[in-house]
>>> print(open('protein.txt').read())   # compact mmCIF, C-alpha atoms
# COMPACT_ATOMS: atom_id res chain seq x y z
CA MET A 127 45.99 -12.44 29.55
CA HIS A 128 43.17 -14.69 30.67
CA ALA A 129 40.12 -13.42 32.52
CA HIS A 130 40.81 -15.71 35.48
CA ASP A 131 44.38 -14.46 35.96
CA HIS A 132 43.50 -12.01 38.71
CA HIS A 133 42.35 -14.88 40.95
CA LEU A 134 45.87 -16.32 41.07
CA PRO A 135 48.14 -15.26 43.94
CA HIS A 136 50.91 -12.90 42.91
CA ILE A 137 54.36 -14.21 43.82
CA THR A 138 57.58 -12.29 44.22
CA GLY A 139 61.03 -12.77 45.70
CA PRO A 140 64.70 -11.80 45.61
CA PHE A 141 66.47 -11.43 42.27
CA ARG A 142 69.93 -10.86 40.84
CA GLU A 143 70.63 -8.76 37.77
CA PRO A 144 72.84 -10.25 35.02
CA ALA A 145 76.52 -10.48 36.03
CA SER A 146 77.43 -8.98 32.63
CA GLY A 147 75.71 -5.72 33.55
CA GLY A 148 73.73 -5.86 30.31
CA ALA A 149 70.09 -6.44 29.50
CA PRO A 150 68.90 -9.94 30.41
CA LYS A 151 69.13 -12.53 27.63
CA GLN A 152 67.77 -15.32 29.80
CA LEU A 153 65.42 -15.57 32.76
CA VAL A 154 66.38 -18.19 35.35
CA ILE A 155 63.71 -18.93 37.94
CA LEU A 156 64.89 -20.72 41.10
CA LEU A 157 62.07 -22.66 42.77
CA HIS A 158 62.65 -23.43 46.45
CA GLY A 159 61.56 -26.46 48.45
CA TRP A 160 58.69 -26.98 50.87
CA GLY A 161 58.92 -24.72 53.92
CA ALA A 162 61.79 -22.63 52.57
CA ASP A 163 61.75 -19.29 50.73
CA GLY A 164 63.34 -17.50 47.79
CA ALA A 165 66.13 -16.07 49.93
CA ASN A 166 67.11 -19.67 50.72
CA LEU A 167 67.90 -20.34 47.04
CA ILE A 168 68.88 -17.02 45.43
CA ASP A 169 72.57 -17.51 46.35
CA LEU A 170 72.63 -20.32 43.77
CA ALA A 171 72.72 -17.46 41.26
CA ASP A 172 76.36 -16.92 42.28
CA GLU A 173 77.21 -20.46 41.14
CA PHE A 174 75.39 -20.13 37.81
CA ALA A 175 76.24 -16.52 36.88
CA ALA A 176 79.64 -17.28 35.33
CA THR A 177 78.05 -19.81 32.97
CA LEU A 178 74.99 -17.58 32.36
CA PRO A 179 76.40 -14.04 32.62
CA ASP A 180 73.45 -12.51 30.79
CA ALA A 181 70.77 -14.20 32.89
CA LEU A 182 68.47 -12.48 35.35
CA PHE A 183 67.91 -14.79 38.33
CA VAL A 184 64.77 -14.63 40.44
CA ALA A 185 63.74 -16.85 43.37
CA PRO A 186 60.05 -16.24 44.06
CA ASN A 187 58.55 -17.19 47.40
CA ALA A 188 55.99 -19.95 46.88
CA PRO A 189 52.40 -18.68 47.08
CA PHE A 190 51.24 -20.29 50.32
CA GLU A 191 52.40 -20.15 53.93
CA CYS A 192 53.89 -23.51 54.83
CA GLU A 193 51.57 -25.65 56.91
CA VAL A 194 54.42 -26.75 59.23
CA ASN A 195 56.67 -23.69 59.21
CA PRO A 196 54.99 -20.26 59.42
CA TYR A 197 58.26 -18.59 58.37
CA GLY A 198 58.44 -20.56 55.11
CA TYR A 199 56.31 -21.14 52.05
CA GLN A 200 54.93 -24.04 50.06
CA TRP A 201 53.92 -24.53 46.43
CA PHE A 202 51.19 -26.94 47.53
CA SER A 203 50.09 -28.88 50.60
CA LEU A 204 51.79 -32.14 51.53
CA THR A 205 49.47 -33.11 54.39
CA ASP A 206 47.66 -35.57 52.11
CA ARG A 207 50.12 -37.32 49.81
CA GLN A 208 47.61 -39.37 47.83
CA PRO A 209 48.54 -39.10 44.14
CA GLN A 210 45.37 -37.26 43.09
CA HIS A 211 45.90 -34.60 45.77
CA MET A 212 49.55 -34.17 44.84
CA LEU A 213 48.55 -33.81 41.18
CA ALA A 214 45.88 -31.21 41.99
CA GLY A 215 48.42 -29.31 44.09
CA ALA A 216 51.05 -29.38 41.36
CA ARG A 217 48.50 -28.18 38.79
CA HIS A 218 47.51 -25.19 40.89
CA ALA A 219 51.15 -24.37 41.67
CA ALA A 220 51.99 -24.55 37.95
CA ASP A 221 49.12 -22.16 37.14
CA ILE A 222 50.46 -19.65 39.66
CA LEU A 223 54.03 -20.07 38.40
CA ASN A 224 52.96 -19.70 34.76
CA HIS A 225 51.14 -16.47 35.61
CA PHE A 226 54.40 -15.18 37.15
CA ILE A 227 56.42 -16.38 34.14
CA ASP A 228 54.07 -14.75 31.62
CA HIS A 229 54.45 -11.36 33.28
CA ALA A 230 58.21 -11.67 33.78
CA LEU A 231 58.93 -12.71 30.18
CA HIS A 232 56.71 -9.91 28.90
CA ASP A 233 58.44 -7.31 31.09
CA LEU A 234 61.90 -8.53 30.03
CA LYS A 235 60.94 -8.89 26.34
CA LEU A 236 62.08 -12.53 26.41
CA ASP A 237 60.35 -15.69 25.20
CA ASN A 238 59.93 -19.27 26.42
CA SER A 239 63.16 -20.40 24.73
CA GLN A 240 65.09 -18.01 27.01
CA LEU A 241 63.52 -19.37 30.21
CA ILE A 242 65.32 -21.82 32.51
CA LEU A 243 63.63 -23.37 35.54
CA ILE A 244 65.86 -24.65 38.35
CA GLY A 245 64.05 -26.39 41.19
CA PHE A 246 64.85 -28.01 44.50
CA SER A 247 62.58 -30.67 46.04
CA GLN A 248 58.96 -29.42 45.83
CA GLY A 249 60.29 -26.68 43.54
CA THR A 250 61.46 -29.41 41.15
CA MET A 251 58.01 -31.02 41.21
CA THR A 252 56.51 -27.63 40.32
CA ALA A 253 59.15 -26.87 37.66
CA LEU A 254 58.55 -30.19 35.91
CA HIS A 255 54.79 -29.79 36.03
CA ALA A 256 54.85 -26.29 34.54
CA GLY A 257 57.86 -26.77 32.27
CA LEU A 258 56.56 -29.85 30.44
CA ARG A 259 53.33 -28.04 29.57
CA ARG A 260 54.49 -24.55 28.53
CA MET A 261 54.39 -24.15 24.76
CA PRO A 262 56.55 -23.44 22.87
CA ALA A 263 59.15 -25.37 24.87
CA ILE A 264 61.21 -23.49 27.44
CA GLY A 265 65.03 -23.49 27.29
CA ALA A 266 65.76 -26.08 29.98
CA ILE A 267 64.76 -27.55 33.35
CA VAL A 268 67.19 -28.48 36.12
CA GLY A 269 65.73 -30.42 39.02
CA PHE A 270 67.55 -31.14 42.27
CA SER A 271 66.17 -33.72 44.75
CA GLY A 272 62.70 -33.77 43.26
CA ALA A 273 60.05 -36.04 41.78
CA LEU A 274 57.69 -36.25 38.85
CA ILE A 275 54.05 -35.94 39.85
CA GLY A 276 51.39 -37.37 37.54
CA ALA A 277 53.50 -39.59 35.28
CA GLU A 278 50.24 -41.12 34.05
CA VAL A 279 49.02 -37.81 32.57
CA LEU A 280 52.22 -36.97 30.67
CA ALA A 281 50.99 -38.46 27.41
CA ASP A 282 47.81 -36.36 27.48
CA GLU A 283 49.19 -33.13 28.88
CA ALA A 284 52.92 -32.73 28.35
CA LYS A 285 53.25 -31.34 24.84
CA ALA A 286 56.55 -29.49 25.31
CA LYS A 287 59.90 -31.28 25.17
CA PRO A 288 62.53 -29.12 26.85
CA PRO A 289 65.86 -30.73 27.82
CA ILE A 290 65.86 -31.88 31.44
CA CYS A 291 68.63 -32.50 33.96
CA LEU A 292 67.86 -34.30 37.22
CA ILE A 293 70.29 -34.49 40.15
CA HIS A 294 69.55 -36.45 43.31
CA GLY A 295 71.43 -37.58 46.41
CA GLU A 296 71.54 -41.34 46.91
CA ALA A 297 71.20 -40.83 50.69
CA ASP A 298 68.14 -38.55 50.41
CA ASP A 299 65.80 -39.28 53.35
CA VAL A 300 63.17 -36.70 52.38
CA VAL A 301 62.41 -37.35 48.70
CA PRO A 302 63.54 -40.92 48.02
CA PHE A 303 66.42 -41.37 45.59
CA ALA A 304 64.19 -43.80 43.63
CA ALA A 305 62.12 -40.77 42.57
CA MET A 306 64.88 -39.81 40.12
CA LYS A 307 64.73 -43.13 38.26
CA HIS A 308 60.93 -43.01 38.21
CA ALA A 309 60.99 -39.49 36.77
CA THR A 310 63.75 -40.28 34.28
CA ASP A 311 62.12 -43.50 33.03
CA SER A 312 58.68 -41.87 32.76
CA MET A 313 59.97 -38.85 30.84
CA LYS A 314 62.25 -40.86 28.55
CA ALA A 315 59.32 -43.16 27.73
CA HIS A 316 57.46 -39.98 26.76
CA GLY A 317 60.28 -39.05 24.36
CA LEU A 318 61.95 -36.41 26.49
CA ASP A 319 65.67 -35.63 26.56
CA VAL A 320 66.61 -36.35 30.19
CA GLU A 321 69.98 -36.70 31.84
CA ALA A 322 70.22 -37.99 35.41
CA HIS A 323 73.04 -37.50 37.89
CA PRO A 324 73.05 -39.60 41.07
CA ARG A 325 75.10 -38.07 43.89
CA PRO A 326 76.61 -40.79 46.11
CA PHE A 327 76.34 -40.23 49.90
CA LEU A 328 74.43 -36.95 49.43
CA GLY A 329 71.28 -36.32 51.46
CA HIS A 330 68.42 -33.93 50.65
CA SER A 331 70.56 -31.04 49.48
CA ILE A 332 72.57 -29.54 46.64
CA ASP A 333 76.33 -30.07 46.42
CA MET A 334 79.08 -28.63 44.21
CA ASP A 335 79.32 -31.73 42.01
CA GLY A 336 75.59 -31.51 41.37
CA ILE A 337 75.94 -27.84 40.49
CA LYS A 338 78.82 -28.68 38.11
CA ALA A 339 76.63 -31.28 36.38
CA ALA A 340 73.88 -28.67 36.01
CA LEU A 341 76.33 -26.11 34.61
CA ALA A 342 77.68 -28.58 32.02
CA PHE A 343 74.09 -29.40 31.01
CA LEU A 344 73.16 -25.72 30.64
CA LYS A 345 76.31 -24.94 28.61
CA LYS A 346 75.20 -27.65 26.19
CA HIS A 347 71.63 -26.46 25.82
CA ILE A 348 71.58 -22.69 26.25
CA LYS A 349 72.62 -20.54 23.34
CA ALA A 350 74.71 -17.59 24.47
>>> encode(input="protein.txt", output="structure tokens")
Amino acid sequence: MHAHDHHLPHITGPFREPASGGAPKQLVILLHGWGADGANLIDLADEFAATLPDALFVAPNAPFECEVNPYGYQWFSLTDRQPQHMLAGARHAADILNHFIDHALHDLKLDNSQLILIGFSQGTMTALHAGLRRMPAIGAIVGFSGALIGAEVLADEAKAKPPICLIHGEADDVVPFAAMKHATDSMKAHGLDVEAHPRPFLGHSIDMDGIKAALAFLKKHIKA
């Protein structure tokens, strides 16, 4: 516990107990996109539960009310998309997420190796930012339709090397499809294990083929 912890917003959201009915052996955190909420993403647990029957799934609402949708939440502001502002936003979001993770892992008596982050859009940006810096390395990161913020600071800051799976629609008109190649190239250059799955004709969303790619990736990397 750090003295400054109590200044960080507390986040919470819907969760699903392990499908096996037993004690959780993994914690899967689902990180929603800008303007959405945890309820928007928690149903993904249904798709992942057969592959991860012992996982507890939680989809926290991002810490801030969305600046364009008062019914949704955001991990950080997107009104100013200059790189330094995006990086500052991602840093703060990662601090808040890490605070949530620390408490959740402690409560569940799990460790970083049993943590999986699954993000969508801004949730992927946040998952990558936090997940590449948590030491020891977390179990895995799955990022749908996202982007890597702060590629230039990876060498200085990103000490952890969890396996990463990126999935992105080629017809994405919200976060450009090119963001996947940028993220993949940047992280591979940094020595990270990254697999990338383009989804032809898919817009800014998650489809079954993308989910299947994520499931195959998790089967490979998560010890039962």
>>> atom_distance(input="protein.txt", atom1="CA of Glu143 in chain A", atom2="CA of Lys287 in chain A")
27.9 Å
>>> atom_distance(input="protein.txt", atom1="CA of Met251 in chain A", atom2="CA of Leu153 in chain A")
19.1 Å
>>> closest_residue(input="protein.txt", among="A:Lys285, A:Lys349, A:Lys307, A:Lys151", to="Lys235 in chain A", atoms="only C-alpha atoms")
A:Lys151
>>> closest_atom_pairs(input="protein.txt", of="range 283-342 of chain A", to="range 161-183 of chain A", cutoff="9 Å", atoms="only C-alpha atoms", output="CSV")
residue,atom,partner,partner_atom,distance
A:Met334,CA,A:Glu173,CA,8.9
A:Ile337,CA,A:Glu173,CA,7.5
A:Lys338,CA,A:Glu173,CA,8.9
A:Ala340,CA,A:Phe174,CA,8.9
A:Leu341,CA,A:Thr177,CA,6.7
A:Ala342,CA,A:Thr177,CA,8.8
>>> write_last_selection(input="protein.txt", atoms="C-alpha atoms", output="mmCIF file, in the coordinates of the input")
data_model
loop_
_atom_site.group_PDB
_atom_site.id
_atom_site.type_symbol
_atom_site.label_atom_id
_atom_site.label_comp_id
_atom_site.auth_asym_id
_atom_site.auth_seq_id
_atom_site.Cartn_x
_atom_site.Cartn_y
_atom_site.Cartn_z
ATOM 1 C CA MET A 334 79.080 -28.630 44.210
ATOM 2 C CA ILE A 337 75.940 -27.840 40.490
ATOM 3 C CA LYS A 338 78.820 -28.680 38.110
ATOM 4 C CA ALA A 340 73.880 -28.670 36.010
ATOM 5 C CA LEU A 341 76.330 -26.110 34.610
ATOM 6 C CA ALA A 342 77.680 -28.580 32.020
#
>>> residues_around(input="protein.txt", residues="range 211-226 of chain A", least_positions_apart="3", cutoff="10 Å", atoms="only C-alpha atoms", output="VMD selection string")
chain A and resid 127 to 128 131 to 138 155 157 186 188 to 190 200 to 208 229 to 231 248 to 249 251 to 257 259 to 260 274 to 277 279
>>> write_last_selection(input="protein.txt", atoms="C-alpha atoms", output="PDB file, in the coordinates of the input")
ATOM      1  CA  MET A 127      45.990 -12.440  29.550  1.00  0.00           C
ATOM      2  CA  HIS A 128      43.170 -14.690  30.670  1.00  0.00           C
ATOM      3  CA  ASP A 131      44.380 -14.460  35.960  1.00  0.00           C
ATOM      4  CA  HIS A 132      43.500 -12.010  38.710  1.00  0.00           C
ATOM      5  CA  HIS A 133      42.350 -14.880  40.950  1.00  0.00           C
ATOM      6  CA  LEU A 134      45.870 -16.320  41.070  1.00  0.00           C
ATOM      7  CA  PRO A 135      48.140 -15.260  43.940  1.00  0.00           C
ATOM      8  CA  HIS A 136      50.910 -12.900  42.910  1.00  0.00           C
ATOM      9  CA  ILE A 137      54.360 -14.210  43.820  1.00  0.00           C
ATOM     10  CA  THR A 138      57.580 -12.290  44.220  1.00  0.00           C
ATOM     11  CA  ILE A 155      63.710 -18.930  37.940  1.00  0.00           C
ATOM     12  CA  LEU A 157      62.070 -22.660  42.770  1.00  0.00           C
ATOM     13  CA  PRO A 186      60.050 -16.240  44.060  1.00  0.00           C
ATOM     14  CA  ALA A 188      55.990 -19.950  46.880  1.00  0.00           C
ATOM     15  CA  PRO A 189      52.400 -18.680  47.080  1.00  0.00           C
ATOM     16  CA  PHE A 190      51.240 -20.290  50.320  1.00  0.00           C
ATOM     17  CA  GLN A 200      54.930 -24.040  50.060  1.00  0.00           C
ATOM     18  CA  TRP A 201      53.920 -24.530  46.430  1.00  0.00           C
ATOM     19  CA  PHE A 202      51.190 -26.940  47.530  1.00  0.00           C
ATOM     20  CA  SER A 203      50.090 -28.880  50.600  1.00  0.00           C
ATOM     21  CA  LEU A 204      51.790 -32.140  51.530  1.00  0.00           C
ATOM     22  CA  THR A 205      49.470 -33.110  54.390  1.00  0.00           C
ATOM     23  CA  ASP A 206      47.660 -35.570  52.110  1.00  0.00           C
ATOM     24  CA  ARG A 207      50.120 -37.320  49.810  1.00  0.00           C
ATOM     25  CA  GLN A 208      47.610 -39.370  47.830  1.00  0.00           C
ATOM     26  CA  HIS A 229      54.450 -11.360  33.280  1.00  0.00           C
ATOM     27  CA  ALA A 230      58.210 -11.670  33.780  1.00  0.00           C
ATOM     28  CA  LEU A 231      58.930 -12.710  30.180  1.00  0.00           C
ATOM     29  CA  GLN A 248      58.960 -29.420  45.830  1.00  0.00           C
ATOM     30  CA  GLY A 249      60.290 -26.680  43.540  1.00  0.00           C
ATOM     31  CA  MET A 251      58.010 -31.020  41.210  1.00  0.00           C
ATOM     32  CA  THR A 252      56.510 -27.630  40.320  1.00  0.00           C
ATOM     33  CA  ALA A 253      59.150 -26.870  37.660  1.00  0.00           C
ATOM     34  CA  LEU A 254      58.550 -30.190  35.910  1.00  0.00           C
ATOM     35  CA  HIS A 255      54.790 -29.790  36.030  1.00  0.00           C
ATOM     36  CA  ALA A 256      54.850 -26.290  34.540  1.00  0.00           C
ATOM     37  CA  GLY A 257      57.860 -26.770  32.270  1.00  0.00           C
ATOM     38  CA  ARG A 259      53.330 -28.040  29.570  1.00  0.00           C
ATOM     39  CA  ARG A 260      54.490 -24.550  28.530  1.00  0.00           C
ATOM     40  CA  LEU A 274      57.690 -36.250  38.850  1.00  0.00           C
ATOM     41  CA  ILE A 275      54.050 -35.940  39.850  1.00  0.00           C
ATOM     42  CA  GLY A 276      51.390 -37.370  37.540  1.00  0.00           C
ATOM     43  CA  ALA A 277      53.500 -39.590  35.280  1.00  0.00           C
ATOM     44  CA  VAL A 279      49.020 -37.810  32.570  1.00  0.00           C
TER      45      VAL A 279
END
>>> residues_near_point(input="protein.txt", point="(69.6, -38.5, 39.2)", cutoff="8 Å", atoms="all atoms listed in the file", output="PDB file with C-alpha atoms, in the coordinates of the input")
ATOM      1  CA  LEU A 292      67.860 -34.300  37.220  1.00  0.00           C
ATOM      2  CA  ILE A 293      70.290 -34.490  40.150  1.00  0.00           C
ATOM      3  CA  HIS A 294      69.550 -36.450  43.310  1.00  0.00           C
ATOM      4  CA  GLY A 295      71.430 -37.580  46.410  1.00  0.00           C
ATOM      5  CA  PHE A 303      66.420 -41.370  45.590  1.00  0.00           C
ATOM      6  CA  MET A 306      64.880 -39.810  40.120  1.00  0.00           C
ATOM      7  CA  LYS A 307      64.730 -43.130  38.260  1.00  0.00           C
ATOM      8  CA  THR A 310      63.750 -40.280  34.280  1.00  0.00           C
ATOM      9  CA  GLU A 321      69.980 -36.700  31.840  1.00  0.00           C
ATOM     10  CA  ALA A 322      70.220 -37.990  35.410  1.00  0.00           C
ATOM     11  CA  HIS A 323      73.040 -37.500  37.890  1.00  0.00           C
ATOM     12  CA  PRO A 324      73.050 -39.600  41.070  1.00  0.00           C
ATOM     13  CA  ARG A 325      75.100 -38.070  43.890  1.00  0.00           C
TER      14      ARG A 325
END
>>> atom_distance(input="protein.txt", atom1="CA of Ala266 in chain A", atom2="CA of Asn187 in chain A")
20.8 Å
>>> residues_around(input="protein.txt", residues="Ile267 in chain A", least_positions_apart="3", cutoff="7 Å", atoms="all atoms listed in the file", output="short mmCIF file (atom, residue, chain, number, x, y, z; two decimals) with C-alpha atoms, in the coordinates of the input")
data_model
loop_
_atom_site.label_atom_id
_atom_site.label_comp_id
_atom_site.auth_asym_id
_atom_site.auth_seq_id
_atom_site.Cartn_x
_atom_site.Cartn_y
_atom_site.Cartn_z
CA ILE A 242 65.32 -21.82 32.51
CA LEU A 243 63.63 -23.37 35.54
CA ILE A 244 65.86 -24.65 38.35
CA PRO A 289 65.86 -30.73 27.82
CA ILE A 290 65.86 -31.88 31.44
CA CYS A 291 68.63 -32.50 33.96
#
>>> closest_residue(input="protein.txt", among="A:Ala304, A:Trp160, A:Asp233, A:Asp298", to="Tyr197 in chain A", atoms="all atoms listed in the file")
A:Trp160
>>> closest_residue(input="protein.txt", among="A:Pro288, A:Pro144, A:Gly336, A:Gly159", to="Val301 in chain A", atoms="only C-alpha atoms")
A:Gly159
>>> closest_residue(input="protein.txt", among="A:Ser247, A:Ser239, A:Ser312, A:Ser146", to="Ser331 in chain A", atoms="only C-alpha atoms")
A:Ser247
>>> closest_residue(input="protein.txt", among="A:Val300, A:Phe246, A:Glu283, A:His232", to="His330 in chain A", atoms="all atoms listed in the file")
A:Val300
